[in-house]
>>> print(open('target_12.tsv').read())   # TSV, C-alpha atoms
chain	number	residue	atom	x	y	z
A	1	MET	CA	0.00	0.00	0.00
A	2	LEU	CA	1.42	3.33	-1.09
A	3	THR	CA	0.17	6.87	-0.67
A	4	GLN	CA	0.75	8.56	-4.01
A	5	TYR	CA	0.36	11.99	-5.55
A	6	TYR	CA	-0.38	11.67	-9.26
A	7	THR	CA	-0.67	14.92	-11.18
A	8	ALA	CA	0.09	16.77	-14.37
A	9	SER	CA	2.22	19.89	-14.13
A	10	SER	CA	3.54	22.69	-16.29
A	11	LEU	CA	7.30	22.85	-16.78
A	12	ASP	CA	7.44	25.51	-14.09
A	13	GLY	CA	5.55	23.59	-11.43
A	14	PHE	CA	1.93	24.68	-11.71
A	15	ILE	CA	-0.88	22.12	-11.63
A	16	ALA	CA	-3.58	24.59	-12.63
A	17	ALA	CA	-3.44	27.91	-14.43
A	18	GLU	CA	-5.24	30.96	-13.14
A	19	PRO	CA	-8.94	30.02	-12.64
A	20	GLU	CA	-10.22	31.79	-15.75
A	21	ASP	CA	-7.79	29.81	-17.91
A	22	GLY	CA	-9.16	26.40	-16.98
A	23	LEU	CA	-7.23	23.31	-18.03
A	24	ALA	CA	-6.80	24.12	-21.73
A	25	TRP	CA	-3.02	24.19	-21.24
A	26	LEU	CA	-3.27	20.55	-20.18
A	27	LEU	CA	-6.16	19.04	-22.10
A	28	SER	CA	-4.79	20.20	-25.46
A	29	ARG	CA	-1.88	17.74	-25.09
A	30	ASP	CA	-1.43	14.29	-26.47
A	31	ILE	CA	-0.94	11.30	-24.18
A	32	ASP	CA	-1.21	7.54	-24.71
A	33	SER	CA	-3.66	6.30	-22.10
A	34	GLN	CA	-2.05	2.87	-22.36
A	35	GLY	CA	1.48	4.30	-22.33
A	36	PRO	CA	4.05	4.57	-19.55
A	37	GLN	CA	2.91	6.18	-16.31
A	38	SER	CA	-0.56	6.65	-17.79
A	39	PHE	CA	-3.54	7.42	-15.63
A	40	ASP	CA	-5.13	4.11	-16.59
A	41	GLU	CA	-2.11	2.22	-15.29
A	42	PHE	CA	-2.05	4.28	-12.13
A	43	ILE	CA	-5.75	4.30	-11.23
A	44	GLY	CA	-6.06	0.53	-11.55
A	45	GLU	CA	-4.03	0.16	-8.35
A	46	VAL	CA	-5.89	2.87	-6.40
A	47	GLY	CA	-8.36	1.93	-3.67
A	48	ALA	CA	-9.21	5.33	-2.19
A	49	ILE	CA	-9.00	8.98	-3.28
A	50	VAL	CA	-8.70	12.23	-1.40
A	51	MET	CA	-8.76	15.81	-2.63
A	52	GLY	CA	-9.01	19.33	-1.26
A	53	ALA	CA	-12.07	21.54	-1.37
A	54	SER	CA	-10.78	23.71	-4.21
A	55	THR	CA	-10.10	20.70	-6.41
A	56	TYR	CA	-13.54	19.29	-5.71
A	57	ALA	CA	-15.22	22.66	-6.30
A	58	TRP	CA	-13.40	22.93	-9.64
A	59	ILE	CA	-14.73	19.54	-10.74
A	60	GLN	CA	-18.22	20.47	-9.59
A	61	THR	CA	-18.11	23.69	-11.61
A	62	HIS	CA	-16.57	22.30	-14.78
A	63	HIS	CA	-17.83	18.72	-14.85
A	64	PRO	CA	-20.94	18.71	-12.63
A	65	ASP	CA	-22.36	15.52	-14.11
A	66	GLU	CA	-19.17	13.52	-14.23
A	67	TRP	CA	-17.32	11.51	-11.63
A	68	TYR	CA	-14.80	9.10	-13.01
A	69	TYR	CA	-13.85	7.20	-9.89
A	70	GLU	CA	-15.41	4.03	-8.62
A	71	VAL	CA	-13.49	3.83	-5.36
A	72	PRO	CA	-14.42	5.70	-2.16
A	73	ALA	CA	-13.38	9.36	-2.13
A	74	TRP	CA	-12.76	11.89	0.61
A	75	VAL	CA	-12.96	15.66	0.25
A	76	MET	CA	-11.13	17.54	2.98
A	77	THR	CA	-13.11	20.69	3.51
A	78	HIS	CA	-14.59	23.11	5.97
A	79	ARG	CA	-17.10	24.22	3.34
A	80	THR	CA	-20.51	22.65	2.89
A	81	PHE	CA	-21.18	20.79	-0.34
A	82	ALA	CA	-24.38	19.14	-1.46
A	83	PRO	CA	-24.20	15.35	-1.28
A	84	HIS	CA	-23.12	13.86	-4.60
A	85	PRO	CA	-26.04	12.16	-6.40
A	86	THR	CA	-24.14	9.02	-7.37
A	87	ALA	CA	-20.53	8.94	-6.17
A	88	ASP	CA	-19.27	7.59	-2.86
A	89	ILE	CA	-17.83	10.81	-1.40
A	90	ARG	CA	-17.24	11.67	2.24
A	91	PHE	CA	-16.80	15.35	3.15
A	92	THR	CA	-14.62	15.71	6.20
A	93	SER	CA	-12.70	18.21	8.27
A	94	ALA	CA	-11.08	15.49	10.40
A	95	PRO	CA	-7.30	15.55	10.98
A	96	VAL	CA	-5.16	14.22	8.13
A	97	PRO	CA	-3.89	11.09	9.96
A	98	GLU	CA	-7.44	10.07	10.82
A	99	VAL	CA	-8.62	10.51	7.23
A	100	HIS	CA	-5.58	8.62	5.97
A	101	ALA	CA	-6.25	5.70	8.32
A	102	ALA	CA	-9.84	5.46	7.12
A	103	MET	CA	-8.66	5.57	3.50
A	104	VAL	CA	-6.10	2.83	4.03
A	105	GLU	CA	-8.77	0.65	5.57
A	106	ALA	CA	-11.19	1.31	2.69
A	107	ALA	CA	-8.47	0.73	0.09
A	108	ALA	CA	-7.99	-2.82	1.44
A	109	GLY	CA	-4.41	-3.21	0.28
A	110	LYS	CA	-4.62	-0.96	-2.76
A	111	ASN	CA	-3.04	2.48	-2.96
A	112	VAL	CA	-4.25	5.85	-1.69
A	113	TRP	CA	-4.33	8.63	-4.30
A	114	LEU	CA	-3.82	12.21	-3.19
A	115	ALA	CA	-5.46	13.97	-6.12
A	116	GLY	CA	-4.41	17.45	-4.96
A	117	GLY	CA	-4.07	20.31	-4.67
A	118	GLY	CA	-0.45	20.73	-3.76
A	119	ASP	CA	-1.03	22.01	-0.25
A	120	LEU	CA	-3.23	19.03	0.62
A	121	VAL	CA	-0.39	16.76	-0.47
A	122	GLY	CA	1.98	18.86	1.60
A	123	GLN	CA	-0.21	18.29	4.65
A	124	PHE	CA	-0.02	14.54	4.17
A	125	HIS	CA	3.75	14.83	3.85
A	126	ASP	CA	3.88	16.91	7.05
A	127	HIS	CA	2.52	13.81	8.80
A	128	GLY	CA	4.96	11.44	7.08
A	129	LEU	CA	2.14	10.06	4.95
A	130	LEU	CA	3.43	10.65	1.40
A	131	ASP	CA	5.30	7.80	-0.32
A	132	GLU	CA	5.47	8.73	-4.01
A	133	VAL	CA	4.79	11.43	-6.55
A	134	TRP	CA	4.06	10.82	-10.23
A	135	ILE	CA	4.34	14.00	-12.29
A	136	GLN	CA	3.49	14.35	-15.99
A	137	TYR	CA	5.13	17.50	-17.28
A	138	ALA	CA	3.41	19.18	-20.22
A	139	PRO	CA	5.60	21.21	-22.63
A	140	VAL	CA	4.42	24.61	-21.45
A	141	THR	CA	5.32	27.21	-18.86
A	142	LEU	CA	2.40	28.99	-17.18
A	143	GLY	CA	4.21	31.57	-15.07
A	144	ALA	CA	1.50	31.52	-12.40
A	145	GLY	CA	-1.14	29.23	-10.95
A	146	ALA	CA	-1.64	26.60	-8.27
A	147	PRO	CA	1.66	25.18	-6.96
A	148	LEU	CA	2.71	21.57	-7.53
A	149	LEU	CA	3.79	20.84	-3.97
A	150	PRO	CA	4.65	23.76	-1.69
A	151	ARG	CA	7.14	21.96	0.55
A	152	ARG	CA	10.82	21.16	0.54
A	153	ILE	CA	11.04	17.41	-0.03
A	154	GLU	CA	13.86	15.16	-1.19
A	155	PHE	CA	13.09	12.36	-3.63
A	156	GLU	CA	14.69	9.38	-5.35
A	157	GLN	CA	13.60	8.69	-8.90
A	158	ILE	CA	11.82	5.43	-9.70
A	159	ALA	CA	11.20	6.01	-13.41
A	160	LEU	CA	11.44	8.62	-16.16
A	161	ASP	CA	9.35	8.03	-19.27
A	162	GLN	CA	8.25	9.83	-22.36
A	163	ASN	CA	4.53	9.58	-23.03
A	164	ARG	CA	3.91	11.58	-26.23
A	165	ASP	CA	3.80	15.28	-25.19
A	166	PHE	CA	4.61	14.51	-21.57
A	167	ALA	CA	7.78	13.83	-19.63
A	168	CYS	CA	6.62	11.55	-16.83
A	169	ARG	CA	8.61	11.19	-13.65
A	170	ARG	CA	7.81	8.83	-10.77
A	171	LEU	CA	9.69	9.52	-7.55
A	172	ARG	CA	9.85	8.12	-4.02
A	173	VAL	CA	10.07	10.35	-0.95
A	174	LYS	CA	13.53	9.92	0.58
A	175	ARG	CA	13.43	8.71	4.18
B	1	MET	CA	22.68	30.51	-33.99
B	2	LEU	CA	20.23	29.85	-31.20
B	3	THR	CA	19.29	31.83	-28.11
B	4	GLN	CA	19.05	29.31	-25.31
B	5	TYR	CA	18.12	29.21	-21.65
B	6	TYR	CA	20.06	26.47	-19.88
B	7	THR	CA	19.27	25.99	-16.21
B	8	ALA	CA	18.76	23.53	-13.40
B	9	SER	CA	15.39	23.53	-11.67
B	10	SER	CA	13.62	21.89	-8.77
B	11	LEU	CA	10.69	19.63	-9.61
B	12	ASP	CA	8.36	22.50	-8.79
B	13	GLY	CA	10.00	25.08	-11.03
B	14	PHE	CA	12.42	27.00	-8.84
B	15	ILE	CA	15.93	27.77	-10.07
B	16	ALA	CA	17.17	29.02	-6.71
B	17	ALA	CA	15.96	28.43	-3.18
B	18	GLU	CA	15.44	31.25	-0.73
B	19	PRO	CA	18.69	33.28	-0.56
B	20	GLU	CA	19.86	31.92	2.79
B	21	ASP	CA	19.60	28.37	1.44
B	22	GLY	CA	22.10	28.83	-1.37
B	23	LEU	CA	22.45	26.12	-3.96
B	24	ALA	CA	22.89	23.12	-1.63
B	25	TRP	CA	19.68	21.62	-3.04
B	26	LEU	CA	21.39	21.56	-6.43
B	27	LEU	CA	25.09	21.04	-5.80
B	28	SER	CA	24.49	17.94	-3.67
B	29	ARG	CA	23.28	16.06	-6.80
B	30	ASP	CA	25.12	13.73	-9.08
B	31	ILE	CA	25.52	14.50	-12.78
B	32	ASP	CA	27.79	13.14	-15.50
B	33	SER	CA	29.56	16.15	-17.00
B	34	GLN	CA	30.08	14.14	-20.17
B	35	GLY	CA	26.52	12.79	-20.16
B	36	PRO	CA	23.43	13.83	-22.11
B	37	GLN	CA	22.49	17.52	-22.01
B	38	SER	CA	25.49	18.19	-19.79
B	39	PHE	CA	26.79	21.70	-19.26
B	40	ASP	CA	30.05	20.76	-20.97
B	41	GLU	CA	28.18	19.76	-24.11
B	42	PHE	CA	26.07	22.89	-23.98
B	43	ILE	CA	28.71	25.50	-23.21
B	44	GLY	CA	30.99	24.34	-26.01
B	45	GLU	CA	28.53	25.81	-28.50
B	46	VAL	CA	28.02	29.10	-26.66
B	47	GLY	CA	29.60	32.32	-27.95
B	48	ALA	CA	28.07	34.92	-25.62
B	49	ILE	CA	26.41	34.96	-22.19
B	50	VAL	CA	23.91	37.26	-20.54
B	51	MET	CA	22.56	37.30	-17.01
B	52	GLY	CA	20.54	39.53	-14.73
B	53	ALA	CA	21.90	41.62	-11.89
B	54	SER	CA	20.69	39.25	-9.17
B	55	THR	CA	22.38	36.27	-10.78
B	56	TYR	CA	25.61	38.20	-11.17
B	57	ALA	CA	25.44	39.49	-7.59
B	58	TRP	CA	24.92	35.94	-6.36
B	59	ILE	CA	28.04	34.76	-8.16
B	60	GLN	CA	30.01	37.74	-6.83
B	61	THR	CA	28.96	36.95	-3.28
B	62	HIS	CA	29.43	33.19	-3.35
B	63	HIS	CA	32.28	32.75	-5.84
B	64	PRO	CA	34.06	36.12	-5.92
B	65	ASP	CA	37.29	34.72	-7.34
B	66	GLU	CA	35.79	32.46	-9.94
B	67	TRP	CA	34.48	33.10	-13.42
B	68	TYR	CA	34.13	30.01	-15.53
B	69	TYR	CA	33.31	31.52	-18.89
B	70	GLU	CA	35.76	32.45	-21.59
B	71	VAL	CA	33.27	34.08	-23.94
B	72	PRO	CA	32.03	37.69	-23.67
B	73	ALA	CA	29.37	38.23	-21.03
B	74	TRP	CA	26.71	40.85	-20.51
B	75	VAL	CA	25.07	41.73	-17.19
B	76	MET	CA	21.78	43.55	-17.57
B	77	THR	CA	21.58	45.89	-14.62
B	78	HIS	CA	20.75	49.32	-13.34
B	79	ARG	CA	23.04	48.76	-10.37
B	80	THR	CA	26.72	49.67	-10.33
B	81	PHE	CA	29.22	46.84	-10.08
B	82	ALA	CA	32.99	47.09	-9.86
B	83	PRO	CA	34.72	46.07	-13.11
B	84	HIS	CA	35.65	42.40	-13.06
B	85	PRO	CA	39.45	41.92	-12.64
B	86	THR	CA	39.83	39.27	-15.33
B	87	ALA	CA	36.59	38.42	-17.12
B	88	ASP	CA	35.19	40.09	-20.24
B	89	ILE	CA	31.95	41.48	-18.78
B	90	ARG	CA	29.85	44.40	-20.03
B	91	PHE	CA	27.37	45.97	-17.61
B	92	THR	CA	24.45	47.44	-19.48
B	93	SER	CA	20.98	48.85	-19.07
B	94	ALA	CA	20.36	48.98	-22.82
B	95	PRO	CA	17.12	47.56	-24.27
B	96	VAL	CA	17.01	43.77	-24.67
B	97	PRO	CA	16.98	43.75	-28.52
B	98	GLU	CA	20.07	45.96	-28.61
B	99	VAL	CA	21.95	43.75	-26.14
B	100	HIS	CA	20.87	40.65	-28.06
B	101	ALA	CA	22.14	42.08	-31.36
B	102	ALA	CA	25.52	42.85	-29.80
B	103	MET	CA	25.68	39.33	-28.36
B	104	VAL	CA	24.84	37.70	-31.67
B	105	GLU	CA	27.59	39.68	-33.32
B	106	ALA	CA	30.11	38.76	-30.63
B	107	ALA	CA	29.07	35.10	-30.72
B	108	ALA	CA	30.03	34.95	-34.41
B	109	GLY	CA	27.75	32.07	-35.33
B	110	LYS	CA	27.77	30.33	-31.96
B	111	ASN	CA	24.82	30.36	-29.56
B	112	VAL	CA	23.68	32.94	-27.03
B	113	TRP	CA	23.17	31.67	-23.50
B	114	LEU	CA	20.59	33.32	-21.28
B	115	ALA	CA	21.97	32.26	-17.89
B	116	GLY	CA	18.99	33.66	-15.96
B	117	GLY	CA	17.18	34.54	-13.86
B	118	GLY	CA	13.78	33.56	-15.13
B	119	ASP	CA	12.47	37.06	-15.61
B	120	LEU	CA	15.45	38.06	-17.75
B	121	VAL	CA	14.68	35.07	-19.98
B	122	GLY	CA	11.05	36.16	-20.04
B	123	GLN	CA	12.10	39.61	-21.26
B	124	PHE	CA	14.02	38.05	-24.15
B	125	HIS	CA	10.96	35.96	-24.97
B	126	ASP	CA	8.76	39.08	-24.87
B	127	HIS	CA	10.86	40.33	-27.80
B	128	GLY	CA	10.66	37.01	-29.67
B	129	LEU	CA	14.30	36.31	-28.86
B	130	LEU	CA	14.12	32.95	-27.09
B	131	ASP	CA	14.61	29.79	-29.18
B	132	GLU	CA	15.18	26.96	-26.69
B	133	VAL	CA	15.18	26.01	-23.04
B	134	TRP	CA	17.26	23.20	-21.52
B	135	ILE	CA	16.08	22.28	-18.03
B	136	GLN	CA	17.77	19.81	-15.69
B	137	TYR	CA	15.28	18.80	-13.02
B	138	ALA	CA	16.76	17.76	-9.68
B	139	PRO	CA	14.75	15.26	-7.57
B	140	VAL	CA	13.59	17.78	-4.99
B	141	THR	CA	10.73	20.17	-4.42
B	142	LEU	CA	11.63	23.53	-2.84
B	143	GLY	CA	8.19	25.06	-2.33
B	144	ALA	CA	9.53	28.60	-2.79
B	145	GLY	CA	12.33	30.46	-4.51
B	146	ALA	CA	13.20	32.15	-7.78
B	147	PRO	CA	10.87	31.15	-10.64
B	148	LEU	CA	12.04	29.13	-13.64
B	149	LEU	CA	10.39	31.26	-16.32
B	150	PRO	CA	7.49	33.52	-15.30
B	151	ARG	CA	5.71	33.58	-18.65
B	152	ARG	CA	3.15	31.47	-20.48
B	153	ILE	CA	5.07	29.83	-23.33
B	154	GLU	CA	4.31	26.81	-25.51
B	155	PHE	CA	7.15	24.42	-26.37
B	156	GLU	CA	7.93	21.37	-28.47
B	157	GLN	CA	10.28	18.84	-26.98
B	158	ILE	CA	13.60	18.16	-28.67
B	159	ALA	CA	15.01	15.63	-26.21
B	160	LEU	CA	14.38	14.01	-22.83
B	161	ASP	CA	17.34	12.37	-21.13
B	162	GLN	CA	18.29	10.92	-17.80
B	163	ASN	CA	21.62	12.18	-16.50
B	164	ARG	CA	22.13	10.45	-13.13
B	165	ASP	CA	20.01	12.41	-10.59
B	166	PHE	CA	18.61	14.74	-13.22
B	167	ALA	CA	15.77	14.51	-15.73
B	168	CYS	CA	16.97	16.74	-18.57
B	169	ARG	CA	14.54	18.22	-21.04
B	170	ARG	CA	15.44	20.28	-24.09
B	171	LEU	CA	12.56	22.17	-25.68
B	172	ARG	CA	12.01	24.55	-28.59
B	173	VAL	CA	9.72	27.58	-28.33
B	174	LYS	CA	6.67	26.93	-30.53
B	175	ARG	CA	6.17	29.55	-33.22
>>> encode(input="target_12.tsv", output="structure tokens")
Amino acid sequence: MLTQYYTASSLDGFIAAEPEDGLAWLLSRDIDSQGPQSFDEFIGEVGAIVMGASTYAWIQTHHPDEWYYEVPAWVMTHRTFAPHPTADIRFTSAPVPEVHAAMVEAAAGKNVWLAGGGDLVGQFHDHGLLDEVWIQYAPVTLGAGAPLLPRRIEFEQIALDQNRDFACRRLRVKR
Amino acid sequence: MLTQYYTASSLDGFIAAEPEDGLAWLLSRDIDSQGPQSFDEFIGEVGAIVMGASTYAWIQTHHPDEWYYEVPAWVMTHRTFAPHPTADIRFTSAPVPEVHAAMVEAAAGKNVWLAGGGDLVGQFHDHGLLDEVWIQYAPVTLGAGAPLLPRRIEFEQIALDQNRDFACRRLRVKR
């Protein structure tokens, strides 16, 4: 069981452009969904998902009728969201270690995916609960936006792969 | 003749940590100086160098007796620096296109290296004077520091290479 951060990023370390720009910088790229470090490969091993309130709110705004994940999800938030009509989502403001423990139990041996944003991932790392990051770098600089991972963390590389437009790097947190 | 930005970066797009941290995050890494996208390979094709005042001041503070470059260098600055005892350095506050033209002439067919920082490179790009970036990503996030390239720019990849600790990506500005 690993706790993993899987995310796309610009070359300069932004996972989302300024809000009005949406994800055009990312979704215009080419990737092989069966290729190395693809999302399909990754998500098949995931048993539980967590994201921050801003990430969830973005999905709600831009893709209100879609939820791609079949495994249990947690949204760490102090805001109030309407219950999701179909997905298994728990809204919580519990401490990170408590949420993580519940996720590990639900994942039943599979991995825990920290879907972002960067500060949420940083909070898991603050508690020693981040094992790996998988970053797919698109060939663009954004100059501003939401930060990849606002912490100082040392890594060891597991793999570097080209997947069409993306340079994909999988790294392990050094302990 | 190409105008190129060659730089190391953290995973999250910082080329320098907070000032008090220095470059320990970078200089502790392993790289093969004869390996792919190495500095030795790069610098051999460079005929002129330019950097911003902060980059130059950093070198002056941390390596006052060292200057590694044999080709003419420009420092774009409004500050006053003492003349360098040995190196061929021109301090200038002239407009970017004028400095670039002088560099191209001095480089005599070789490339122009934009040594940084990121905003200086952005200013060259603002004038359509950036052809390529070469980024060597160290396996560390910093969370804060000097930005890689604070502009929105589209690229096409030329090469992706592993060089020991570094994932090295060479990209061409899309036109």
>>> residues_around(input="target_12.tsv", residues="Asp119 in chain A", least_positions_apart="3", cutoff="7 Å", atoms="only C-alpha atoms", output="list of chain:residue names")
A:Gly122, A:Gln123, A:Leu149, A:Pro150
>>> residues_around(input="target_12.tsv", residues="Asp88 in chain B", least_positions_apart="6", cutoff="8 Å", atoms="all atoms listed in the file", output="PyMOL selection string")
chain B and resi 70-73
>>> residues_near_point(input="target_12.tsv", point="(-3.1, 10.9, -6.0)", cutoff="10 Å", atoms="all atoms listed in the file", output="PyMOL selection string")
chain A and resi 3-7+42-43+46+48-51+111-117+121+130+132-134
>>> closest_residue(input="target_12.tsv", among="A:Thr141, A:Ser93, A:Thr86, A:Ser9", to="Tyr68 in chain A", atoms="only C-alpha atoms")
A:Thr86
>>> atom_distance(input="target_12.tsv", atom1="CA of Pro64 in chain B", atom2="CA of Leu23 in chain B")
15.4 Å
>>> calpha_fit_and_write(input="target_12.tsv", fixed="chain A", moving="chain B", output="short mmCIF file (atom, residue, chain, number, x, y, z; two decimals) with C-alpha atoms, in the frame of the given file")
data_model
loop_
_atom_site.label_atom_id
_atom_site.label_comp_id
_atom_site.auth_asym_id
_atom_site.auth_seq_id
_atom_site.Cartn_x
_atom_site.Cartn_y
_atom_site.Cartn_z
CA MET B 1 0.02 0.00 0.00
CA LEU B 2 1.42 3.33 -1.09
CA THR B 3 0.18 6.88 -0.67
CA GLN B 4 0.74 8.57 -4.00
CA TYR B 5 0.36 11.99 -5.55
CA TYR B 6 -0.37 11.67 -9.26
CA THR B 7 -0.67 14.93 -11.17
CA ALA B 8 0.08 16.78 -14.37
CA SER B 9 2.22 19.89 -14.12
CA SER B 10 3.54 22.68 -16.29
CA LEU B 11 7.30 22.84 -16.78
CA ASP B 12 7.45 25.50 -14.09
CA GLY B 13 5.55 23.58 -11.44
CA PHE B 14 1.93 24.68 -11.71
CA ILE B 15 -0.87 22.12 -11.62
CA ALA B 16 -3.57 24.59 -12.62
CA ALA B 17 -3.44 27.91 -14.42
CA GLU B 18 -5.24 30.96 -13.14
CA PRO B 19 -8.92 30.03 -12.61
CA GLU B 20 -10.24 31.78 -15.71
CA ASP B 21 -7.81 29.81 -17.87
CA GLY B 22 -9.14 26.39 -16.94
CA LEU B 23 -7.21 23.33 -18.01
CA ALA B 24 -6.79 24.16 -21.72
CA TRP B 25 -3.01 24.21 -21.23
CA LEU B 26 -3.26 20.56 -20.19
CA LEU B 27 -6.16 19.06 -22.11
CA SER B 28 -4.80 20.22 -25.47
CA ARG B 29 -1.87 17.75 -25.10
CA ASP B 30 -1.43 14.30 -26.48
CA ILE B 31 -0.95 11.30 -24.20
CA ASP B 32 -1.21 7.55 -24.72
CA SER B 33 -3.67 6.28 -22.11
CA GLN B 34 -2.05 2.87 -22.38
CA GLY B 35 1.48 4.30 -22.34
CA PRO B 36 4.05 4.57 -19.56
CA GLN B 37 2.90 6.17 -16.30
CA SER B 38 -0.55 6.65 -17.79
CA PHE B 39 -3.54 7.42 -15.61
CA ASP B 40 -5.12 4.11 -16.60
CA GLU B 41 -2.11 2.22 -15.29
CA PHE B 42 -2.05 4.28 -12.13
CA ILE B 43 -5.73 4.31 -11.22
CA GLY B 44 -6.07 0.54 -11.55
CA GLU B 45 -4.05 0.18 -8.36
CA VAL B 46 -5.89 2.87 -6.40
CA GLY B 47 -8.38 1.93 -3.67
CA ALA B 48 -9.22 5.34 -2.18
CA ILE B 49 -9.01 8.98 -3.27
CA VAL B 50 -8.70 12.25 -1.39
CA MET B 51 -8.77 15.82 -2.63
CA GLY B 52 -9.02 19.33 -1.27
CA ALA B 53 -12.08 21.55 -1.38
CA SER B 54 -10.78 23.70 -4.23
CA THR B 55 -10.11 20.69 -6.43
CA TYR B 56 -13.55 19.28 -5.70
CA ALA B 57 -15.21 22.65 -6.33
CA TRP B 58 -13.39 22.91 -9.65
CA ILE B 59 -14.71 19.53 -10.74
CA GLN B 60 -18.23 20.46 -9.59
CA THR B 61 -18.13 23.66 -11.61
CA HIS B 62 -16.58 22.30 -14.79
CA HIS B 63 -17.83 18.70 -14.86
CA PRO B 64 -20.94 18.69 -12.65
CA ASP B 65 -22.36 15.51 -14.14
CA GLU B 66 -19.18 13.51 -14.25
CA TRP B 67 -17.34 11.52 -11.62
CA TYR B 68 -14.82 9.10 -13.01
CA TYR B 69 -13.85 7.21 -9.89
CA GLU B 70 -15.41 4.03 -8.61
CA VAL B 71 -13.49 3.84 -5.35
CA PRO B 72 -14.41 5.71 -2.14
CA ALA B 73 -13.41 9.36 -2.12
CA TRP B 74 -12.77 11.87 0.61
CA VAL B 75 -12.97 15.66 0.25
CA MET B 76 -11.14 17.53 2.98
CA THR B 77 -13.11 20.69 3.52
CA HIS B 78 -14.59 23.13 5.96
CA ARG B 79 -17.09 24.23 3.34
CA THR B 80 -20.51 22.66 2.87
CA PHE B 81 -21.16 20.79 -0.36
CA ALA B 82 -24.38 19.14 -1.47
CA PRO B 83 -24.20 15.33 -1.29
CA HIS B 84 -23.10 13.85 -4.60
CA PRO B 85 -26.03 12.14 -6.41
CA THR B 86 -24.13 9.00 -7.39
CA ALA B 87 -20.53 8.94 -6.18
CA ASP B 88 -19.26 7.58 -2.86
CA ILE B 89 -17.84 10.81 -1.39
CA ARG B 90 -17.24 11.68 2.26
CA PHE B 91 -16.82 15.35 3.17
CA THR B 92 -14.63 15.72 6.21
CA SER B 93 -12.70 18.21 8.27
CA ALA B 94 -11.06 15.51 10.39
CA PRO B 95 -7.29 15.57 10.98
CA VAL B 96 -5.15 14.22 8.12
CA PRO B 97 -3.88 11.09 9.97
CA GLU B 98 -7.44 10.08 10.82
CA VAL B 99 -8.62 10.52 7.23
CA HIS B 100 -5.57 8.62 5.98
CA ALA B 101 -6.25 5.70 8.33
CA ALA B 102 -9.85 5.47 7.11
CA MET B 103 -8.66 5.57 3.50
CA VAL B 104 -6.10 2.83 4.04
CA GLU B 105 -8.77 0.66 5.57
CA ALA B 106 -11.18 1.32 2.71
CA ALA B 107 -8.47 0.73 0.11
CA ALA B 108 -7.98 -2.80 1.46
CA GLY B 109 -4.40 -3.22 0.29
CA LYS B 110 -4.62 -0.97 -2.76
CA ASN B 111 -3.04 2.48 -2.95
CA VAL B 112 -4.25 5.85 -1.70
CA TRP B 113 -4.33 8.62 -4.28
CA LEU B 114 -3.81 12.21 -3.18
CA ALA B 115 -5.47 13.97 -6.12
CA GLY B 116 -4.41 17.45 -4.96
CA GLY B 117 -4.08 20.32 -4.67
CA GLY B 118 -0.46 20.73 -3.76
CA ASP B 119 -1.03 22.00 -0.26
CA LEU B 120 -3.23 19.03 0.63
CA VAL B 121 -0.39 16.75 -0.48
CA GLY B 122 1.99 18.85 1.60
CA GLN B 123 -0.21 18.30 4.66
CA PHE B 124 -0.03 14.54 4.17
CA HIS B 125 3.74 14.82 3.85
CA ASP B 126 3.89 16.90 7.05
CA HIS B 127 2.52 13.81 8.81
CA GLY B 128 4.96 11.44 7.07
CA LEU B 129 2.14 10.06 4.94
CA LEU B 130 3.42 10.64 1.41
CA ASP B 131 5.30 7.80 -0.31
CA GLU B 132 5.48 8.74 -4.00
CA VAL B 133 4.78 11.44 -6.54
CA TRP B 134 4.06 10.83 -10.23
CA ILE B 135 4.35 14.01 -12.29
CA GLN B 136 3.49 14.36 -15.97
CA TYR B 137 5.14 17.51 -17.29
CA ALA B 138 3.41 19.18 -20.22
CA PRO B 139 5.61 21.21 -22.63
CA VAL B 140 4.43 24.61 -21.45
CA THR B 141 5.33 27.20 -18.86
CA LEU B 142 2.40 28.99 -17.18
CA GLY B 143 4.21 31.58 -15.07
CA ALA B 144 1.49 31.53 -12.40
CA GLY B 145 -1.14 29.24 -10.96
CA ALA B 146 -1.64 26.61 -8.28
CA PRO B 147 1.65 25.18 -6.96
CA LEU B 148 2.70 21.57 -7.53
CA LEU B 149 3.80 20.83 -3.97
CA PRO B 150 4.65 23.76 -1.69
CA ARG B 151 7.12 21.95 0.55
CA ARG B 152 10.83 21.16 0.54
CA ILE B 153 11.03 17.40 -0.04
CA GLU B 154 13.87 15.16 -1.20
CA PHE B 155 13.09 12.34 -3.64
CA GLU B 156 14.68 9.37 -5.36
CA GLN B 157 13.60 8.68 -8.90
CA ILE B 158 11.83 5.43 -9.70
CA ALA B 159 11.20 6.00 -13.41
CA LEU B 160 11.43 8.61 -16.16
CA ASP B 161 9.35 8.03 -19.27
CA GLN B 162 8.26 9.85 -22.36
CA ASN B 163 4.54 9.59 -23.03
CA ARG B 164 3.92 11.58 -26.23
CA ASP B 165 3.81 15.28 -25.18
CA PHE B 166 4.60 14.51 -21.57
CA ALA B 167 7.79 13.83 -19.63
CA CYS B 168 6.61 11.55 -16.83
CA ARG B 169 8.60 11.18 -13.64
CA ARG B 170 7.82 8.83 -10.78
CA LEU B 171 9.67 9.53 -7.55
CA ARG B 172 9.84 8.11 -4.03
CA VAL B 173 10.06 10.34 -0.95
CA LYS B 174 13.53 9.91 0.56
CA ARG B 175 13.47 8.71 4.16
#
>>> atom_distance(input="target_12.tsv", atom1="CA of Met1 in chain A", atom2="CA of Val104 in chain A")
7.8 Å
>>> atom_distance(input="target_12.tsv", atom1="CA of Ser28 in chain B", atom2="CA of Gln157 in chain A")
15.2 Å
>>> residues_around(input="target_12.tsv", residues="Val173 in chain B", least_positions_apart="5", cutoff="7 Å", atoms="only C-alpha atoms", output="ChimeraX atom specification")
/B:131-132,154-156
>>> write_last_selection(input="target_12.tsv", atoms="C-alpha atoms", output="short mmCIF file (atom, residue, chain, number, x, y, z; two decimals), in the frame of the given file")
data_model
loop_
_atom_site.label_atom_id
_atom_site.label_comp_id
_atom_site.auth_asym_id
_atom_site.auth_seq_id
_atom_site.Cartn_x
_atom_site.Cartn_y
_atom_site.Cartn_z
CA ASP B 131 14.61 29.79 -29.18
CA GLU B 132 15.18 26.96 -26.69
CA GLU B 154 4.31 26.81 -25.51
CA PHE B 155 7.15 24.42 -26.37
CA GLU B 156 7.93 21.37 -28.47
#
